[in-house]
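Okay, input-v6.cif is below, mmCIF, C-alpha atoms:
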data_coords
loop_
_atom_site.label_atom_id
_atom_site.label_comp_id
_atom_site.auth_asym_id
_atom_site.auth_seq_id
_atom_site.Cartn_x
_atom_site.Cartn_y
_atom_site.Cartn_z
CA THR A 1 46.16 65.45 159.19
CA HIS A 2 49.32 67.68 159.17
CA GLY A 3 50.35 69.81 156.12
CA VAL A 4 53.83 69.53 154.58
CA ASP A 5 56.12 72.29 155.83
CA ALA A 6 58.09 73.95 152.98
CA HIS A 7 60.98 74.68 155.34
CA PRO A 8 62.55 71.75 157.27
CA PRO A 9 63.44 72.26 160.91
CA ALA A 10 66.66 74.13 161.72
CA GLY A 11 68.45 71.01 162.95
CA GLN A 12 67.73 69.16 159.76
CA VAL A 13 69.03 72.10 157.68
CA SER A 14 72.34 71.98 159.54
CA ARG A 15 72.73 68.24 158.89
CA LEU A 16 71.94 68.62 155.14
CA THR A 17 74.39 71.49 154.78
CA ALA A 18 77.10 69.47 156.50
CA ARG A 19 76.59 66.50 154.16
CA ARG A 20 76.67 68.73 151.06
CA GLY A 21 79.82 70.46 152.23
CA HIS A 22 81.45 67.06 152.76
CA ARG A 23 80.64 66.00 149.17
CA LEU A 24 81.90 69.31 147.74
CA ARG A 25 85.14 69.00 149.66
CA GLY A 26 85.53 65.48 148.30
CA ARG A 27 85.13 66.72 144.73
CA ARG A 28 87.62 69.53 145.28
CA SER A 29 90.14 67.04 146.63
CA MET A 30 89.68 64.99 143.44
CA SER A 31 90.66 68.00 141.28
CA LYS A 32 93.76 68.57 143.39
CA ARG A 33 94.99 64.99 143.03
CA LYS A 34 98.69 65.00 142.26
CA LEU A 35 99.81 64.02 138.77
CA PRO A 36 102.38 61.23 138.30
CA ALA A 37 105.91 62.27 139.07
CA ALA A 38 108.27 63.01 136.14
CA PRO A 39 110.48 60.07 135.06
CA GLU A 40 113.84 59.88 136.72
CA ALA A 41 116.92 61.20 134.94
CA PRO A 42 118.81 58.64 132.77
CA GLU A 43 121.75 56.78 134.20
CA ALA A 44 125.02 58.64 134.20
CA GLY A 45 126.69 56.20 131.82
CA ARG A 46 124.21 56.73 129.00
CA ALA A 47 125.57 58.88 126.17
CA ALA A 48 124.05 62.30 125.49
CA GLY A 49 121.60 62.27 122.61
CA LYS A 50 120.96 58.53 123.00
CA GLN A 51 118.26 58.78 125.68
CA ARG A 52 115.16 56.71 125.06
CA LEU A 53 111.87 58.51 124.63
CA GLN A 54 109.83 57.99 127.83
CA LEU A 55 106.08 57.93 128.42
CA PRO A 56 104.26 58.63 131.74
CA GLU A 57 103.82 55.82 134.32
CA GLU A 58 100.75 53.51 134.31
CA GLU A 59 98.86 56.00 136.52
CA ASP A 60 97.82 58.01 133.43
CA VAL A 61 96.50 61.54 133.88
CA ASN A 62 93.48 60.48 131.78
CA ASP A 63 92.40 58.33 134.75
CA VAL A 64 92.16 61.43 136.93
CA LEU A 65 90.40 63.57 134.35
CA LEU A 66 87.83 60.98 133.29
CA HIS A 67 86.85 60.14 136.85
CA GLU A 68 86.52 63.87 137.50
CA MET A 69 84.04 64.19 134.62
CA LEU A 70 82.11 60.89 134.97
CA GLY A 71 82.40 60.27 138.71
CA ASP A 72 84.16 57.60 140.77
CA GLY A 73 82.92 54.10 140.24
CA SER A 74 81.43 54.88 136.82
CA GLU A 75 81.65 51.93 134.41
CA ALA A 76 81.89 54.37 131.48
CA ALA A 77 84.93 56.01 133.05
CA ASP A 78 86.65 52.67 133.68
CA ALA A 79 86.01 51.57 130.08
CA GLU A 80 87.36 54.82 128.66
CA VAL A 81 90.49 54.63 130.82
CA ASP A 82 91.13 51.06 129.59
CA ARG A 83 90.71 52.18 125.95
CA LEU A 84 93.16 55.06 126.34
CA SER A 85 95.65 52.87 128.19
CA GLY A 86 95.58 50.42 125.28
CA GLY A 87 96.33 53.27 122.86
CA VAL A 88 99.30 54.40 124.92
CA ASP A 89 100.61 50.82 125.04
CA SER A 90 100.47 50.60 121.22
CA ILE A 91 102.38 53.90 120.85
CA GLU A 92 104.91 52.75 123.43
CA GLY A 93 105.49 49.53 121.50
CA GLY A 94 105.86 51.42 118.22
CA ILE A 95 108.69 53.63 119.45
CA GLU A 96 110.43 50.96 121.53
CA GLY A 97 114.16 51.16 120.94
CA LEU A 98 114.01 54.52 119.10
CA ASP A 99 116.34 57.18 120.49
CA ALA A 100 116.34 60.96 119.94
CA GLU A 101 119.42 60.99 117.71
CA ASP A 102 117.99 58.38 115.33
CA LEU A 103 114.69 60.25 115.18
CA LEU A 104 116.46 63.53 114.28
CA ALA A 105 118.53 61.81 111.58
CA ASN A 106 115.39 60.31 110.10
CA LEU A 107 113.65 63.71 109.94
CA GLU A 108 116.70 65.36 108.35
CA GLY A 109 116.85 62.63 105.72
CA GLN A 110 113.21 63.16 104.79
CA GLN A 111 113.75 66.94 104.46
CA SER A 112 116.80 66.36 102.25
CA GLU A 113 114.84 64.03 99.97
CA ARG A 114 112.05 66.61 99.59
CA ALA A 115 114.55 69.39 98.79
CA SER A 116 116.34 67.32 96.15
CA ALA A 117 113.01 66.45 94.54
CA GLU A 118 112.06 70.14 94.22
CA ILE A 119 115.35 71.32 92.59
CA PRO A 120 116.10 69.68 89.24
CA GLU A 121 119.52 68.13 88.95
CA LEU A 122 121.61 69.91 86.30
CA PRO A 123 124.26 68.23 84.21
CA PRO A 124 127.82 68.93 85.37
CA GLY A 125 130.35 70.80 83.27
CA ASP A 126 131.04 74.24 81.88
CA ALA A 127 128.46 76.59 80.39
CA PRO A 128 127.34 75.71 76.85
CA SER A 129 129.13 77.51 74.05
CA ILE A 130 127.41 80.33 72.20
CA PRO A 131 126.13 79.10 68.81
CA GLU A 132 127.55 80.60 65.63
CA LEU A 133 124.76 81.75 63.35
CA PRO A 134 125.00 81.96 59.55
CA VAL A 135 126.21 85.15 57.88
CA GLY A 136 124.42 86.28 54.72
CA ASP A 137 125.32 88.54 51.85
CA LEU A 138 124.76 92.27 51.67
CA PRO A 139 121.26 93.17 50.50
CA PRO A 140 120.88 94.36 46.89
CA GLY A 141 121.64 98.06 46.39
CA ILE A 142 124.08 98.27 49.33
CA ASP A 143 127.69 98.91 48.27
CA ALA A 144 130.44 97.78 50.63
CA THR A 145 132.59 100.79 49.79
CA ALA A 146 129.74 103.18 50.64
CA LEU A 147 129.50 101.66 54.12
CA ALA A 148 133.06 102.70 54.92
CA SER A 149 132.34 106.45 54.82
CA GLY A 150 129.57 108.96 55.51
CA GLY A 151 127.82 109.95 58.69
CA GLU A 152 124.42 108.53 57.82
CA LEU A 153 123.25 105.17 56.48
CA ASP A 154 119.72 104.99 55.08
CA LEU A 155 118.18 101.51 55.22
CA SER A 156 114.56 102.68 55.25
CA ALA A 157 113.85 101.07 51.87
CA VAL A 158 115.74 97.84 52.66
CA SER A 159 114.25 94.73 54.24
CA LEU A 160 117.25 93.51 56.20
CA SER A 161 117.37 89.93 57.50
CA THR A 162 119.32 88.88 60.58
CA ALA A 163 121.86 86.98 58.44
CA GLN A 164 122.40 90.13 56.32
CA ALA A 165 122.69 92.23 59.48
CA ARG A 166 125.52 89.97 60.66
CA ARG A 167 127.36 90.73 57.40
CA LEU A 168 126.63 94.46 57.60
CA ALA A 169 127.48 95.04 61.28
CA PRO A 170 131.32 94.84 61.21
CA MET A 171 131.44 97.04 58.11
CA VAL A 172 129.42 99.90 59.59
CA CYS A 173 131.30 99.60 62.89
CA GLU A 174 134.58 100.34 61.09
CA ASN A 175 133.13 103.62 59.80
CA ALA A 176 134.28 106.10 62.45
CA ALA A 177 132.20 108.91 60.93
CA LEU A 178 128.88 107.05 61.06
CA SER A 179 126.45 108.52 63.60
CA VAL A 180 123.00 107.23 62.65
CA ILE A 181 121.36 104.34 60.76
CA LYS A 182 117.85 105.04 59.49
CA PHE A 183 115.18 102.36 59.32
CA SER A 184 111.64 102.70 58.00
CA GLN A 185 110.07 103.28 61.43
CA HIS A 186 112.91 104.58 63.60
CA GLU A 187 116.59 105.43 63.78
CA LEU A 188 119.55 103.81 65.52
CA PRO A 189 121.99 106.50 66.79
CA VAL A 190 125.15 104.40 66.67
CA GLY A 191 127.31 107.45 67.40
CA GLU A 192 125.99 107.37 70.97
CA LEU A 193 127.35 103.84 71.36
CA ARG A 194 130.81 105.34 70.99
CA GLU A 195 130.31 108.52 73.02
CA GLU A 196 127.89 107.81 75.87
CA ASP A 197 128.41 105.78 79.01
CA GLU A 198 124.66 105.23 79.64
CA LEU A 199 121.98 104.51 77.04
CA GLU A 200 118.26 104.25 77.83
CA TRP A 201 116.80 102.61 74.74
CA ASP A 202 113.66 101.33 76.39
CA SER A 203 110.57 100.72 74.19
CA GLU A 204 112.23 101.77 70.92
CA GLU A 205 110.73 98.85 68.91
CA TYR A 206 114.21 97.52 68.22
CA THR A 207 114.33 94.02 66.70
CA ASP A 208 117.05 91.41 66.28
CA VAL A 209 118.54 93.44 63.41
CA GLU A 210 119.15 96.48 65.61
CA ALA A 211 120.40 94.25 68.44
CA ILE A 212 122.98 92.67 66.11
CA LEU A 213 124.24 96.11 65.09
CA ILE A 214 124.33 97.33 68.71
CA ALA A 215 126.25 94.20 69.75
CA GLU A 216 128.95 94.85 67.16
CA PHE A 217 129.61 98.30 68.60
CA LEU A 218 129.46 96.89 72.13
CA LYS A 219 132.35 94.53 71.34
CA HIS A 220 134.67 97.51 70.82
CA SER A 221 133.27 99.90 73.43
CA THR A 222 135.40 100.85 76.41
CA LYS A 223 133.14 103.62 77.70
CA LEU A 224 129.58 102.28 77.81
CA THR A 225 128.62 100.96 81.28
CA ARG A 226 124.81 100.92 81.16
CA LEU A 227 122.55 99.68 78.35
CA ASP A 228 118.77 99.47 78.72
CA LEU A 229 116.96 97.58 75.95
CA ALA A 230 113.83 96.65 77.90
CA ARG A 231 110.43 96.33 76.22
CA ASN A 232 111.69 95.97 72.68
CA GLN A 233 111.19 93.14 70.15
CA ILE A 234 114.50 91.34 70.57
CA SER A 235 114.48 87.54 70.41
CA ASP A 236 117.13 84.82 70.53
CA GLU A 237 119.26 85.90 67.54
CA GLY A 238 119.65 89.40 68.90
CA ALA A 239 120.34 88.06 72.40
CA ILE A 240 123.02 85.70 71.04
CA ALA A 241 124.75 88.67 69.40
CA LEU A 242 124.64 90.62 72.69
CA ALA A 243 125.95 87.62 74.64
CA THR A 244 128.82 87.26 72.19
CA ALA A 245 129.62 90.96 72.63
CA LEU A 246 129.70 90.56 76.43
CA CYS A 247 132.45 87.97 76.06
CA ALA A 248 134.67 90.65 74.46
CA ASN A 249 133.52 93.74 76.41
CA SER A 250 135.15 94.85 79.66
CA SER A 251 133.21 98.04 80.51
CA ILE A 252 129.51 97.12 80.60
CA GLU A 253 128.08 96.82 84.12
CA TYR A 254 124.32 96.96 83.51
CA LEU A 255 122.25 95.25 80.82
CA ASN A 256 118.44 95.24 80.84
CA LEU A 257 116.55 92.97 78.44
CA GLU A 258 113.31 92.77 80.40
CA SER A 259 110.08 92.12 78.47
CA ASN A 260 111.53 91.00 75.16
CA ASN A 261 111.11 87.65 73.37
CA LEU A 262 113.98 85.57 74.74
CA SER A 263 113.79 81.79 75.19
CA GLY A 264 116.05 79.05 76.52
CA THR A 265 118.51 79.48 73.63
CA ALA A 266 119.22 83.03 74.76
CA GLY A 267 119.51 81.89 78.36
CA SER A 268 122.16 79.31 77.43
CA ALA A 269 124.12 81.93 75.50
CA PHE A 270 124.17 84.26 78.51
CA CYS A 271 125.55 81.44 80.69
CA LYS A 272 128.80 81.59 78.72
CA ALA A 273 128.71 85.41 78.57
CA VAL A 274 128.45 85.97 82.33
CA GLU A 275 131.27 83.52 82.97
CA ASP A 276 133.62 85.25 80.49
CA ASN A 277 132.65 88.83 81.39
CA SER A 278 133.97 90.20 84.67
CA SER A 279 132.48 93.73 84.62
CA LEU A 280 128.75 92.92 84.38
CA GLN A 281 127.02 93.32 87.76
CA TYR A 282 123.36 93.61 86.71
CA LEU A 283 121.49 91.48 84.19
CA ASN A 284 117.70 91.65 83.88
CA ILE A 285 115.88 89.20 81.62
CA MET A 286 112.59 89.05 83.50
CA TYR A 287 109.29 88.63 81.65
CA ASN A 288 110.75 86.62 78.82
CA ALA A 289 110.19 82.93 78.04
CA LEU A 290 113.19 81.24 79.66
CA PRO A 291 112.34 77.74 80.92
CA THR A 292 113.15 76.74 84.50
CA THR A 293 116.20 74.67 83.49
CA ALA A 294 117.77 77.57 81.58
CA GLN A 295 117.13 79.91 84.51
CA GLN A 296 118.86 77.53 86.93
CA MET A 297 121.85 77.13 84.61
CA LEU A 298 122.15 80.89 84.36
CA ARG A 299 122.01 81.23 88.17
CA ASP A 300 124.79 78.69 88.48
CA SER A 301 126.98 80.51 85.95
CA TRP A 302 126.28 83.88 87.57
CA SER A 303 127.15 82.69 91.07
CA LYS A 304 130.56 81.34 90.04
CA SER A 305 132.09 84.80 90.22
CA ARG A 306 129.33 87.00 91.72
CA SER A 307 126.86 87.05 94.58
CA ASN A 308 123.22 86.24 93.87
CA ILE A 309 122.46 89.97 93.84
CA GLY A 310 122.13 91.54 90.38
CA LEU A 311 120.63 88.69 88.36
CA HIS A 312 116.90 89.12 87.67
CA LEU A 313 114.99 86.25 86.09
#

Would you encode the structure as structure tokens?
Amino acid sequence: THGVDAHPPAGQVSRLTARRGHRLRGRRSMSKRKLPAAPEAPEAGRAAGKQRLQLPEEEDVNDVLLHEMLGDGSEAADAEVDRLSGGVDSIEGGIEGLDAEDLLANLEGQQSERASAEIPELPPGDAPSIPELPVGDLPPGIDATALASGGELDLSAVSLSTAQARRLAPMVCENAALSVIKFSQHELPVGELREEDELEWDSEEYTDVEAILIAEFLKHSTKLTRLDLARNQISDEGAIALATALCANSSIEYLNLESNNLSGTAGSAFCKAVEDNSSLQYLNIMYNALPTTAQQMLRDSWSKSRSNIGLHL
């Protein structure tokens, strides 16, 4: 009995190596198989932009790749190639007759529809007019003749409403000697409205009453260019008075009403103001309560005579 030799004879080794090398070369040649040639250029008479979308020839590259992975003659490979070919046929049928220009037009139409859905359509026409608010009587204890003279007006013991402030404002504005109006918690230095070109009245706790008085002086000012009223307690009635003043003023360039209590009514009033005023180049009403529609209307009014720079909502 002969034992099994762990190492085959030299001649047998050479034959095995040759067969293995032949199989390896065959596999390498499979990976180097040429892909289908690119489709020929369209006929010369076909118009530019009207070329049909083309797919590769029947010899799909999937055939090459799947046979590489699963081996020639594999039933699984043949089945997978048939499945993929059927998918390509369905895509080909779905885009039959569709050209590049029609496809581009279709995509542009979809983008236009999405854009129009995002931006609300605004009613055509001019900016809404500024509402006229009621004017009250002078508060008890205030004499009209006393308002026409004196450098100081003491209102610290008076509870002044906005309607009463609208009655009081033109009277105190006619007093050329008046320099300060005293309230219970603070003072309003109206003399500075006549003399200064820049006023930083940020966080002064001014309300609609003070804003109405400031607006009356602003109507007649030819020197003031910058007015900062940010972080006060001004709401729509005070903003309406300021918007009305802007329609008459020709010197103001900067107005800051950030972080007050303005709503859509104030926004509508400023639409008319920015259209009538030609000097204003900066308007800040951020951190208020203007709805989206009022903001868009104000942007439209602003852009009629200015660039988009300078308006802060």

Which of these, A:Gly264, A:Leu229, A:Ser279, A:Glu195, has the shortest distance to Ala248 in chain A once you count only C-alpha atoms?
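Checking each candidate against Ala248 in chain A, we get A:Ser279 as the closest.
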
Please evaluate the PyMOL selection byres ((chain A and resi 180) around 6) against the displayed coordinates and give the resulting residues as a list in words.
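In the shown coordinates, the PyMOL selection byres ((chain A and resi 180) around 6) covers Glu152, Ser179, Ile181, Leu188, Pro189 and Val190 of chain A.
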
Nearest-residue call for Gly136 in chain A, choices A:Leu168, A:Ala177, A:Ile240, A:Ala269, using all atoms listed in the file:
A:Leu168

Suppose a student applies the PyMOL selection byres ((chain A and resi 275) around 12) to this structure; what residues should they get, written as a PyMOL selection string?
chain A and resi 126-130+243-244+246-248+268-274+276-281+297-306

Could you name the residues that touch Leu242 in chain A at 8 Å or less, counting only C-alpha atoms, but leaving out those on the same chain fewer than 6 positions away, as a VMD selection string?
chain A and resid 211 to 212 214 to 215 218

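Counting from CA of Ile234 in chain A, the distance to CA of Glu210 in chain A is 8.5 Å.
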
Evaluate the PyMOL selection byres ((chain A and resi 174-176) around 9) against this structure - the residues, as a list of chain:residue names, please.
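For this structure, the PyMOL selection byres ((chain A and resi 174-176) around 9) resolves to A:Leu147, A:Ala148, A:Ser149, A:Gly150, A:Gly151, A:Ala169, A:Pro170, A:Met171, A:Val172, A:Cys173, A:Ala177, A:Leu178, A:Ser179, A:Gly191.
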
What does the distance from CA of Ala163 in chain A to CA of Pro134 in chain A come to in Å, to one decimal?
6.0 Å

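One finds CA of Ser221 in chain A at 22.5 Å from CA of Leu311 in chain A.
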
So which residues touch Val135 in chain A within 8 Å, counting only C-alpha atoms, skipping near sequence neighbours fewer than 2 positions away, as a PDB file with C-alpha atoms, in the frame of the given file?
ATOM      1  CA  LEU A 133     124.760  81.750  63.350  1.00  0.00           C
ATOM      2  CA  ASP A 137     125.320  88.540  51.850  1.00  0.00           C
ATOM      3  CA  ALA A 163     121.860  86.980  58.440  1.00  0.00           C
ATOM      4  CA  GLN A 164     122.400  90.130  56.320  1.00  0.00           C
ATOM      5  CA  ARG A 166     125.520  89.970  60.660  1.00  0.00           C
ATOM      6  CA  ARG A 167     127.360  90.730  57.400  1.00  0.00           C
TER       7      ARG A 167
END

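For Ala230 in chain A, the non-local neighbours within 7 Å, defined as residues at least 4 positions apart in the same chain or in other chains and counting all atoms listed in the file, are A:Asp202, A:Ser203, A:Asn256, A:Leu257, A:Glu258, A:Ser259, A:Asn260.
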